[in-house]
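I have placed the structure first, in the form of structure tokens, so that the comments after it can refer back to it.
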Amino acid sequence: MWIGTQWTYGASRYARAEYRVTDPLHSDAAFADELQRIASRIDADVVIPIAEPSVLALLPRREIFGRARIPFVSADVFARIADKEQVLAAAGEVGIAVPAQSVVANPAAAQSVDLEALRYPLVVKPARS
């Protein structure tokens with residue numbers, strides 16, 4: 001989609017239409033319900049969520065899409081492979097080297113991180129995208 005002098009992020013010049021829906025990080029149920037209504041209205045055969053939050057929102061609710069298919073593994077399998085901490089633990093169990101990690105579960109826990117003990121370079125990222 002062209003707005004002013006730039007392309008909007010994620011837009012495709014090959015898309016027939018564009019729809020605005022609730023952010024799945026804000027309300028996964030509302031996102032799924034809105035997308036189901038759109039898929040039904042346009043008689044979609046397939047729904048392909050792209051970003052991890054949208055996949056995590058849709059897979060547990062795939063039955064609401066009727067004949068429209070969501071071509072992914074089960075919700076349980078996807079949740080496991082999307083869990084970075086679980087994937088890294090599994091990698092370590094089978095001998096794949098993984099970097100040292102610290103999990104900071106909330107802002108209060110961040111206050112207790114020993115900054116002097118950190119080794120650089122350092123990567124900080126969420127457990128879920």
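Residues are named by chain letter and number: chains run A, B, ... in the order of the structure tokens, numbers start at 1 in each chain, and ligands are numbered from 1 in the order shown.
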| message | Residues within 6 Å of Val46 of chain A, please, as a PyMOL selection string. Count only C-alpha atoms; anything in the same chain fewer than 5 positions from it doesn't count. | response | chain A and resi 68-70
Strand (DSSP E) per DSSP on the backbone: members of chain A, as a VMD selection string: chain A and resid 2 to 3 6 to 7
Kindly export the residues of the current selection with N, CA and C atoms, as a PDB file, in the first residue's frame.
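Written out: again-v1.pdb:
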ATOM      1  N   TRP A   2       0.581   2.170  -0.840  1.00  0.00           N
ATOM      2  CA  TRP A   2       1.353   3.391  -0.954  1.00  0.00           C
ATOM      3  C   TRP A   2       0.664   4.493  -0.161  1.00  0.00           C
ATOM      4  N   ILE A   3       1.409   5.100   0.757  1.00  0.00           N
ATOM      5  CA  ILE A   3       0.865   6.225   1.528  1.00  0.00           C
ATOM      6  C   ILE A   3       1.848   7.375   1.388  1.00  0.00           C
ATOM      7  N   GLN A   6       5.879   6.876   0.696  1.00  0.00           N
ATOM      8  CA  GLN A   6       6.577   5.651   1.106  1.00  0.00           C
ATOM      9  C   GLN A   6       5.630   4.456   1.174  1.00  0.00           C
ATOM     10  N   TRP A   7       6.224   3.277   1.090  1.00  0.00           N
ATOM     11  CA  TRP A   7       5.464   2.047   1.250  1.00  0.00           C
ATOM     12  C   TRP A   7       5.232   1.825   2.730  1.00  0.00           C
TER      13      TRP A   7
END
Output as a ChimeraX atom specification all residues of segment 6-97 of chain A that backbone DSSP marks as alpha helix (DSSP H).
/A:28-41,52-58,75-82,84-93
One residue among A:Ala15, A:Ala82, A:Ala57, A:Ile64 is nearest to Ala39 of chain A when using only C-alpha atoms, and that residue is A:Ile64
Can you pull out the residues contacting Asp28 of chain A? Cut-off 10 Å, using only C-alpha atoms, and skip same-chain residues under 4 positions away; I want them as a ChimeraX atom specification. /A:22-24,32-34,53-58,61
Please save all heavy atoms of the selected residues as a tab-separated table (two decimals), in the first residue's frame.
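The new file part31.tsv reads:
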chain	number	residue	atom	x	y	z
A	22	THR	N	-7.24	-6.13	14.99
A	22	THR	CA	-6.64	-5.97	16.31
A	22	THR	C	-5.26	-6.62	16.34
A	22	THR	O	-5.07	-7.69	15.78
A	22	THR	CB	-7.55	-6.62	17.37
A	22	THR	OG1	-8.81	-5.96	17.35
A	22	THR	CG2	-6.95	-6.54	18.76
A	23	ASP	N	-4.33	-6.00	17.00
A	23	ASP	CA	-2.99	-6.55	17.17
A	23	ASP	C	-3.10	-7.82	18.01
A	23	ASP	O	-3.68	-7.80	19.10
A	23	ASP	CB	-2.12	-5.52	17.89
A	23	ASP	CG	-0.67	-5.94	18.07
A	23	ASP	OD1	-0.39	-7.16	18.13
A	23	ASP	OD2	0.18	-5.05	18.17
A	24	PRO	N	-2.55	-8.96	17.55
A	24	PRO	CA	-2.66	-10.19	18.33
A	24	PRO	C	-1.96	-10.12	19.69
A	24	PRO	O	-2.30	-10.86	20.60
A	24	PRO	CB	-2.02	-11.25	17.43
A	24	PRO	CG	-1.16	-10.49	16.49
A	24	PRO	CD	-1.82	-9.16	16.31
A	32	ALA	N	-8.12	-13.19	16.13
A	32	ALA	CA	-8.59	-14.40	15.46
A	32	ALA	C	-10.02	-14.23	14.96
A	32	ALA	O	-10.33	-14.61	13.82
A	32	ALA	CB	-8.48	-15.59	16.40
A	33	ASP	N	-10.89	-13.68	15.78
A	33	ASP	CA	-12.29	-13.49	15.38
A	33	ASP	C	-12.41	-12.55	14.17
A	33	ASP	O	-13.16	-12.84	13.24
A	33	ASP	CB	-13.12	-12.94	16.53
A	33	ASP	CG	-13.34	-13.97	17.63
A	33	ASP	OD1	-13.14	-15.18	17.39
A	33	ASP	OD2	-13.69	-13.55	18.76
A	34	GLU	N	-11.66	-11.46	14.19
A	34	GLU	CA	-11.71	-10.51	13.08
A	34	GLU	C	-11.17	-11.15	11.80
A	34	GLU	O	-11.75	-10.98	10.71
A	34	GLU	CB	-10.93	-9.24	13.42
A	34	GLU	CG	-11.59	-8.44	14.52
A	34	GLU	CD	-10.70	-7.35	15.10
A	34	GLU	OE1	-9.74	-6.93	14.43
A	34	GLU	OE2	-10.96	-6.93	16.25
A	53	PRO	N	3.42	-13.80	16.74
A	53	PRO	CA	2.22	-13.53	17.54
A	53	PRO	C	0.92	-13.91	16.83
A	53	PRO	O	-0.02	-14.40	17.45
A	53	PRO	CB	2.28	-12.02	17.81
A	53	PRO	CG	3.73	-11.70	17.71
A	53	PRO	CD	4.26	-12.60	16.62
A	54	SER	N	0.86	-13.70	15.51
A	54	SER	CA	-0.35	-14.06	14.79
A	54	SER	C	-0.51	-15.58	14.69
A	54	SER	O	-1.62	-16.10	14.80
A	54	SER	CB	-0.40	-13.40	13.41
A	54	SER	OG	0.68	-13.81	12.61
A	55	VAL	N	0.59	-16.29	14.50
A	55	VAL	CA	0.52	-17.76	14.47
A	55	VAL	C	0.05	-18.28	15.83
A	55	VAL	O	-0.85	-19.13	15.91
A	55	VAL	CB	1.88	-18.38	14.10
A	55	VAL	CG1	1.80	-19.90	14.12
A	55	VAL	CG2	2.35	-17.90	12.73
A	56	LEU	N	0.64	-17.76	16.90
A	56	LEU	CA	0.26	-18.20	18.25
A	56	LEU	C	-1.19	-17.86	18.58
A	56	LEU	O	-1.84	-18.56	19.34
A	56	LEU	CB	1.20	-17.58	19.29
A	56	LEU	CG	2.63	-18.14	19.28
A	56	LEU	CD1	3.55	-17.26	20.11
A	56	LEU	CD2	2.66	-19.58	19.77
A	57	ALA	N	-1.71	-16.80	17.99
A	57	ALA	CA	-3.11	-16.42	18.22
A	57	ALA	C	-4.08	-17.30	17.43
A	57	ALA	O	-5.16	-17.62	17.91
A	57	ALA	CB	-3.33	-14.95	17.85
A	58	LEU	N	-3.69	-17.69	16.21
A	58	LEU	CA	-4.61	-18.42	15.34
A	58	LEU	C	-4.62	-19.93	15.54
A	58	LEU	O	-5.69	-20.55	15.45
A	58	LEU	CB	-4.31	-18.10	13.88
A	58	LEU	CG	-4.51	-16.66	13.44
A	58	LEU	CD1	-4.25	-16.52	11.95
A	58	LEU	CD2	-5.90	-16.16	13.80
A	61	ARG	N	-7.13	-21.62	17.64
A	61	ARG	CA	-8.50	-21.29	17.23
A	61	ARG	C	-8.76	-21.67	15.77
A	61	ARG	O	-9.71	-21.20	15.17
A	61	ARG	CB	-8.73	-19.79	17.41
A	61	ARG	CG	-8.63	-19.34	18.84
A	61	ARG	CD	-8.62	-17.81	18.92
A	61	ARG	NE	-8.57	-17.38	20.29
A	61	ARG	CZ	-7.44	-17.27	20.99
A	61	ARG	NH1	-6.28	-17.57	20.44
A	61	ARG	NH2	-7.47	-16.87	22.24
Checklist entry - Which neighbours of Leu122 of chain A fall inside 12 Å, counting only C-alpha atoms, when residues of the same chain fewer than 4 positions from it are skipped, and could you give them as a list in words? => result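 Returned residues: Pro99, Ala100, Gln101, Ser102, Leu115, Ala117 and Leu118 of chain A.
The space separating atom CA of Asp45 of chain A from atom CA of Phe72 of chain A comes to 14.1 Å.
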*Can you tell me, as a PyMOL selection string, what residues are no more than 12 Å from segment 84-96 of chain A when counting only C-alpha atoms, ignoring any on the same chain fewer than 4 positions away?*
chain A and resi 52+77-80+100-105+125-129
Dump N, CA and C atoms for the selected residues as a compact mmCIF listing (two decimals), in the first residue's frame?
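Output below, filename part-v4.txt:
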# COMPACT_ATOMS: atom_id res chain seq x y z
N GLU A 52 5.09 -14.44 14.40
CA GLU A 52 4.88 -15.38 15.51
C GLU A 52 3.65 -15.06 16.35
N VAL A 77 2.74 -27.90 19.26
CA VAL A 77 4.07 -28.04 18.65
C VAL A 77 4.64 -26.67 18.34
N PHE A 78 3.83 -25.78 17.76
CA PHE A 78 4.35 -24.45 17.42
C PHE A 78 4.76 -23.69 18.68
N ALA A 79 3.97 -23.79 19.74
CA ALA A 79 4.31 -23.10 20.99
C ALA A 79 5.66 -23.57 21.51
N ARG A 80 5.92 -24.87 21.38
CA ARG A 80 7.22 -25.39 21.86
C ARG A 80 8.37 -24.90 21.00
N ALA A 100 25.87 -18.67 26.72
CA ALA A 100 25.37 -18.49 28.09
C ALA A 100 24.16 -17.58 28.05
N GLN A 101 23.22 -17.86 28.93
CA GLN A 101 21.98 -17.09 28.93
C GLN A 101 21.54 -16.74 30.33
N SER A 102 20.84 -15.64 30.40
CA SER A 102 20.17 -15.23 31.63
C SER A 102 18.76 -14.84 31.25
N VAL A 103 17.80 -15.30 32.00
CA VAL A 103 16.41 -14.95 31.75
C VAL A 103 15.99 -13.90 32.77
N VAL A 104 15.49 -12.80 32.26
CA VAL A 104 14.98 -11.74 33.11
C VAL A 104 13.48 -11.73 32.89
N ALA A 105 12.75 -12.23 33.86
CA ALA A 105 11.31 -12.46 33.70
C ALA A 105 10.45 -11.21 33.80
N LYS A 125 16.99 -10.02 23.93
CA LYS A 125 15.80 -10.19 23.11
C LYS A 125 14.70 -10.85 23.92
N PRO A 126 13.46 -10.70 23.48
CA PRO A 126 12.35 -11.28 24.22
C PRO A 126 12.29 -12.80 24.06
N ALA A 127 11.69 -13.48 25.02
CA ALA A 127 11.50 -14.92 24.91
C ALA A 127 10.54 -15.23 23.77
N ARG A 128 9.62 -14.34 23.55
CA ARG A 128 8.67 -14.46 22.42
C ARG A 128 8.82 -13.21 21.56
N SER A 129 8.72 -13.39 20.26
CA SER A 129 8.85 -12.24 19.35
C SER A 129 7.61 -11.38 19.41
